[in-house]
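Just below is one structure, and these are the notes that go with it.
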Amino acid sequence: MYYNLSKYMDQKNVSKNIRTKVIHYLDYMIETQKHGKVVEEQLFSILSDSIKDELKKDVNGQVLRENALLQKNFGTKFRGILSNSLEEKIFSPGEVIFDVLILNKEHIC
């Protein structure tokens, strides 16, 4: 697998930085699966749509119920709709998920 991926990245002139990220991510995913952790997509692929929806709503609903901001400002119906829209994303260790940009007044005006 790594040989084909390396060959592809060579053909596309992928930068060394991106190559490193790809290899680290793949290593992380392989290691995660070795330890028996179930990836959401694999689990969901074998379930019926109705059971999948119930499971997703329950799991995501727990997360949303634990969030004080959502609990205080949004009703149960909205949180129920939101729970169906959430999806799990897997990131490799050390990967930046979001970066906060802080602006002072001079930048805003």
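Residue numbering restarts at 1 in every chain; chains get A, B, ... in the order shown in the structure tokens, and ligands count up from 1 in that same order.
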
Looking only at the backbone, which of the residues in chain A does DSSP tag as helix (DSSP H, G or I), as a PyMOL selection string?
chain A and resi 2-11+16-34+40-45+49-65+68-73+76-85+105-108

With the cut-off set at 12 Å and counting only C-alpha atoms, tabulate each residue of region 6-62 of chain A with an atom at most that distance from an atom of region 66-77 of chain A, showing the nearest atom pair and its distance in Å to one decimal, ordered by chain and increasing number, as JSON lines.
{"residue": "A:Lys57", "atom": "CA", "partner": "A:Lys77", "partner_atom": "CA", "distance": 11.8}
{"residue": "A:Val59", "atom": "CA", "partner": "A:Glu66", "partner_atom": "CA", "distance": 11.3}
{"residue": "A:Asn60", "atom": "CA", "partner": "A:Glu66", "partner_atom": "CA", "distance": 10.1}
{"residue": "A:Gly61", "atom": "CA", "partner": "A:Glu66", "partner_atom": "CA", "distance": 8.6}
{"residue": "A:Gln62", "atom": "CA", "partner": "A:Glu66", "partner_atom": "CA", "distance": 6.3}

Quick one, how far is CA of Leu47 (chain A) from CA of Phe91 (chain A)?
24.2 Å

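If you look at CA of Phe78 (chain A) and CA of Leu64 (chain A), they are 10.4 Å away from each other.
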
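Of the residues under consideration (A:Tyr25, A:Met9, A:Tyr3, A:Glu88), A:Glu88 shows the shortest atom-to-atom contact distance to Gln42 (chain A) when counting only C-alpha atoms.
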
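For the set A:Lys12, A:Lys21, A:Lys7, A:Lys56, the residue with the smallest atom-to-atom gap to Val96 (chain A) is A:Lys21, counting only C-alpha atoms.
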
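Atom pair CA of Met29 (chain A) / CA of Phe44 (chain A) has a distance of 17.6 Å (rounded to one decimal).
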
Here is a test: counting only C-alpha atoms, which residue of A:Val14, A:Ile51, A:Leu26, A:Val63 is nearest to Ile90 (chain A)?
A:Leu26
